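These notes are about the structure you will find just below.
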Amino acid sequence: MASHPNLECRMYEARYPEVDMAVMIQVKNIADMGAYVSLLEYNNIEGMILFSELSRRRIRSVSSLIKVGRIEPVMVLRVDKEKGYIDLSKRRVSEEDIQACEERYNKSKLVHSIMRHVAETMGIDLEDLYIHVGWPLYRKYGHAFEAFKIVVTDPDTVLNTLTREVKELGPDGQEVTKVVAALSEEVKDALVKNIRRRMTPQPLKIRADIEMKCFQFDGVLHIKDAMRKAEAAGNDDCPVKIKLVAPPLYVLTTQTLDKEQGILVLTNAITACSEAIEKQKGKLVVKEAPRAVSERDDKLLAEHMAKLRQDNEEVGGDDESEEEEDTGMGEVDIETPGITE
């Protein structure tokens with residue numbers, strides 16, 4: 001039976017963290033003197049936080065400051081590489097350290113998860129993959145995550161520069177060292193595929209909810225005109241769609257890779273819509289400002305719209321042309337343009 005490849009490895013080349021560095025830990029257990037923790041970026045080697053290093057204030061209750069299972073950044077105080085002791089402090093870690101550590105850890109965790117998956121599926125040693133791919137990329141790009149971002153669109157530039165030395169017997173029986181590509185084609189393909197699957201940015205859906213009324217003669221036409229103005233505020237990167245949910249409620253949506261840009265475009269669309277309807281003595285009220293929404297929110301909106309339409313259909317005696325107007329404007333499918341000519 002083939003032996004399983006080693007899938008355990010620290011995330012960084014250094015076996016131990018440096019003093020005064022913030023590291024991500026998970027609390028394992030609480031002892032008499034302090035808490036034993038695992039250093040998550042260093043293959044779970046053990047460290048300790050003494051109770052005196054938990055807080056700058058007087059400690060009333062240890063359990064309120066440290067809980068088994070919690071993951072958080074702490075500061076490295078001492079490292080004894082011979083004995084493998086690492087002393088850590090929770091009270092000396094600053095807000096900036098915490099933020100920088102969390103950002104670095106989230107990137108490192110994603111890199112590690114991709115590397116581990118490739119090692120597992122290709123049956124290769126994870127540490128070997130780090131030695132020849134991960135750590136050289138950390139050295140060259142500051143963080144392997146930055147290199148992986150480039151791999152999404154241009155894998156060869158990043159990966160073809162990586163080499164490894166192999167020893168072979170020459171024709172005369174002497175051992176010679178050859179420099180070859182660090183990755184076989186199969187492993188390289190697996191790595192690129194995994195990086196693309198995990199790191200290709202996903203478009204965000206941005207949504208805003210408004211109420212719009214216009215009681216003037218031809219109010220419906222004025223509202224439609226204002227809706228067109230809202231959609232015209234979109235661009236190729238952020239196309240704006242506006243839909244009637246049920247009078248007077250309308251929903252504006254856009255999809256974009258850039259959240260800030262999406263929110264700005266919808267804000268401008270609301271302004272354009274508002275100006276257009278106010279010119280006709282109508283009124284627009286923002287019920288929910290532009291924000292990123294999940295697929296679940298989308299689903300709930302679609303269900304809500306479907307239910308409103310069903311309720312509409314169940315009420316008998318409506319004038320037919322009005323009912324057509326309603327169903328045309330209240331399409332459930334968020335993806336299709338909402339304005340019926």
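Letters A, B, ... mark the chains of the structure tokens in the order given; residue numbers begin at 1 per chain; ligand numbers begin at 1, in order shown.
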
Who sits within 10 Å of Ala119 in chain A, only C-alpha atoms, same chain under 3 positions skipped, as number ranges by chain: A: 5-7, 113-116, 122-130, 187, 190-191

Could you take the residues named above and write them with N, CA, C and O atoms, as a PDB file, in the first residue's frame?
```pdb
ATOM      1  N   PRO A   5       1.281  10.922   1.482  1.00  0.00           N
ATOM      2  CA  PRO A   5       2.261  12.025   1.506  1.00  0.00           C
ATOM      3  C   PRO A   5       2.109  12.851   2.783  1.00  0.00           C
ATOM      4  O   PRO A   5       1.023  12.893   3.385  1.00  0.00           O
ATOM      5  N   ASN A   6       3.177  13.540   3.180  1.00  0.00           N
ATOM      6  CA  ASN A   6       3.117  14.418   4.346  1.00  0.00           C
ATOM      7  C   ASN A   6       2.336  15.680   3.976  1.00  0.00           C
ATOM      8  O   ASN A   6       2.675  16.370   3.029  1.00  0.00           O
ATOM      9  N   LEU A   7       1.278  15.957   4.749  1.00  0.00           N
ATOM     10  CA  LEU A   7       0.464  17.146   4.463  1.00  0.00           C
ATOM     11  C   LEU A   7       0.549  18.177   5.596  1.00  0.00           C
ATOM     12  O   LEU A   7      -0.288  19.066   5.709  1.00  0.00           O
ATOM     13  N   SER A 113      -4.203  26.552   2.106  1.00  0.00           N
ATOM     14  CA  SER A 113      -5.297  25.648   1.736  1.00  0.00           C
ATOM     15  C   SER A 113      -5.155  25.189   0.275  1.00  0.00           C
ATOM     16  O   SER A 113      -5.368  24.026  -0.061  1.00  0.00           O
ATOM     17  N   ILE A 114      -4.725  26.104  -0.609  1.00  0.00           N
ATOM     18  CA  ILE A 114      -4.493  25.751  -2.024  1.00  0.00           C
ATOM     19  C   ILE A 114      -3.316  24.773  -2.122  1.00  0.00           C
ATOM     20  O   ILE A 114      -3.402  23.734  -2.791  1.00  0.00           O
ATOM     21  N   MET A 115      -2.219  25.087  -1.431  1.00  0.00           N
ATOM     22  CA  MET A 115      -1.010  24.239  -1.464  1.00  0.00           C
ATOM     23  C   MET A 115      -1.322  22.836  -0.928  1.00  0.00           C
ATOM     24  O   MET A 115      -0.909  21.832  -1.485  1.00  0.00           O
ATOM     25  N   ARG A 116      -2.056  22.807   0.166  1.00  0.00           N
ATOM     26  CA  ARG A 116      -2.361  21.511   0.807  1.00  0.00           C
ATOM     27  C   ARG A 116      -3.251  20.663  -0.109  1.00  0.00           C
ATOM     28  O   ARG A 116      -3.069  19.446  -0.233  1.00  0.00           O
ATOM     29  N   MET A 122      -2.325  15.467  -5.649  1.00  0.00           N
ATOM     30  CA  MET A 122      -1.233  14.996  -6.509  1.00  0.00           C
ATOM     31  C   MET A 122      -0.325  13.980  -5.792  1.00  0.00           C
ATOM     32  O   MET A 122       0.644  13.482  -6.384  1.00  0.00           O
ATOM     33  N   GLY A 123      -0.604  13.726  -4.519  1.00  0.00           N
ATOM     34  CA  GLY A 123       0.186  12.739  -3.759  1.00  0.00           C
ATOM     35  C   GLY A 123       1.636  13.158  -3.566  1.00  0.00           C
ATOM     36  O   GLY A 123       2.555  12.347  -3.673  1.00  0.00           O
ATOM     37  N   ILE A 124       1.857  14.469  -3.298  1.00  0.00           N
ATOM     38  CA  ILE A 124       3.235  14.935  -3.079  1.00  0.00           C
ATOM     39  C   ILE A 124       3.375  15.520  -1.677  1.00  0.00           C
ATOM     40  O   ILE A 124       2.382  15.845  -1.030  1.00  0.00           O
ATOM     41  N   ASP A 125       4.620  15.643  -1.243  1.00  0.00           N
ATOM     42  CA  ASP A 125       4.914  16.144   0.098  1.00  0.00           C
ATOM     43  C   ASP A 125       4.665  17.657   0.161  1.00  0.00           C
ATOM     44  O   ASP A 125       5.188  18.410  -0.650  1.00  0.00           O
ATOM     45  N   LEU A 126       3.851  18.090   1.141  1.00  0.00           N
ATOM     46  CA  LEU A 126       3.508  19.511   1.238  1.00  0.00           C
ATOM     47  C   LEU A 126       4.743  20.368   1.523  1.00  0.00           C
ATOM     48  O   LEU A 126       4.905  21.442   0.944  1.00  0.00           O
ATOM     49  N   GLU A 127       5.636  19.886   2.394  1.00  0.00           N
ATOM     50  CA  GLU A 127       6.829  20.683   2.712  1.00  0.00           C
ATOM     51  C   GLU A 127       7.705  20.848   1.468  1.00  0.00           C
ATOM     52  O   GLU A 127       8.260  21.916   1.213  1.00  0.00           O
ATOM     53  N   ASP A 128       7.791  19.803   0.666  1.00  0.00           N
ATOM     54  CA  ASP A 128       8.569  19.869  -0.576  1.00  0.00           C
ATOM     55  C   ASP A 128       7.976  20.940  -1.513  1.00  0.00           C
ATOM     56  O   ASP A 128       8.696  21.717  -2.140  1.00  0.00           O
ATOM     57  N   LEU A 129       6.644  20.993  -1.566  1.00  0.00           N
ATOM     58  CA  LEU A 129       5.970  21.985  -2.406  1.00  0.00           C
ATOM     59  C   LEU A 129       6.256  23.396  -1.890  1.00  0.00           C
ATOM     60  O   LEU A 129       6.472  24.320  -2.675  1.00  0.00           O
ATOM     61  N   TYR A 130       6.281  23.545  -0.570  1.00  0.00           N
ATOM     62  CA  TYR A 130       6.613  24.859   0.018  1.00  0.00           C
ATOM     63  C   TYR A 130       8.069  25.236  -0.273  1.00  0.00           C
ATOM     64  O   TYR A 130       8.366  26.376  -0.629  1.00  0.00           O
ATOM     65  N   VAL A 187       1.645  18.866 -11.892  1.00  0.00           N
ATOM     66  CA  VAL A 187       1.502  19.590 -10.621  1.00  0.00           C
ATOM     67  C   VAL A 187       1.245  21.071 -10.913  1.00  0.00           C
ATOM     68  O   VAL A 187       0.419  21.710 -10.269  1.00  0.00           O
ATOM     69  N   ALA A 190      -2.323  21.526 -11.874  1.00  0.00           N
ATOM     70  CA  ALA A 190      -3.203  21.387 -10.697  1.00  0.00           C
ATOM     71  C   ALA A 190      -3.149  22.656  -9.853  1.00  0.00           C
ATOM     72  O   ALA A 190      -4.171  23.145  -9.369  1.00  0.00           O
ATOM     73  N   LEU A 191      -1.943  23.208  -9.706  1.00  0.00           N
ATOM     74  CA  LEU A 191      -1.775  24.418  -8.897  1.00  0.00           C
ATOM     75  C   LEU A 191      -2.513  25.599  -9.538  1.00  0.00           C
ATOM     76  O   LEU A 191      -3.271  26.313  -8.870  1.00  0.00           O
TER      77      LEU A 191
END
```

At a cut-off of 6 Å, can you tabulate as a Markdown table every residue of range 195-275 of chain A near range 284-287 of chain A together with its closest atom pair and the distance in Å to one decimal, using only C-alpha atoms and ordering rows by chain then number?
```
| residue | atom | partner | partner_atom | distance |
| --- | --- | --- | --- | --- |
| A:Asp209 | CA | A:Lys287 | CA | 5.3 |
| A:Ile210 | CA | A:Val286 | CA | 4.4 |
| A:Glu211 | CA | A:Val285 | CA | 5.1 |
| A:Met212 | CA | A:Leu284 | CA | 4.5 |
| A:Ser274 | CA | A:Leu284 | CA | 5.6 |
```

All helix (DSSP H, G or I) positions in range 67-311 of chain A, as a VMD selection string: chain A and resid 95 to 122 126 to 141 144 to 151 155 to 159 185 to 199 219 to 232 259 to 279 295 to 311

Nearest to Tyr12 in chain A, chosen from A:Thr256, A:Thr267, A:Asn312, A:Ser108, with only C-alpha atoms counted in the distances: A:Ser108

Gap from CA of Ile25 in chain A to CA of Glu72 in chain A - Å, one decimal: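 Result for CA of Ile25 in chain A versus CA of Glu72 in chain A: 5.6 Å, one decimal.
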
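Using only C-alpha atoms, the nearest neighbour of Gly234 in chain A within the list A:His143, A:Thr254, A:Phe217, A:Thr163 is A:Thr254.
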
All residues 8 Å or closer to Val133 in chain A, only C-alpha atoms, same chain fewer than 3 positions away omitted, as a PyMOL selection string: chain A and resi 129-130+136-137+159+162+182

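Between Lys283 in chain A and the candidates A:Lys167, A:His117, A:His222, A:Lys193, the tightest atom-to-atom separation, counting only C-alpha atoms, involves A:His222.
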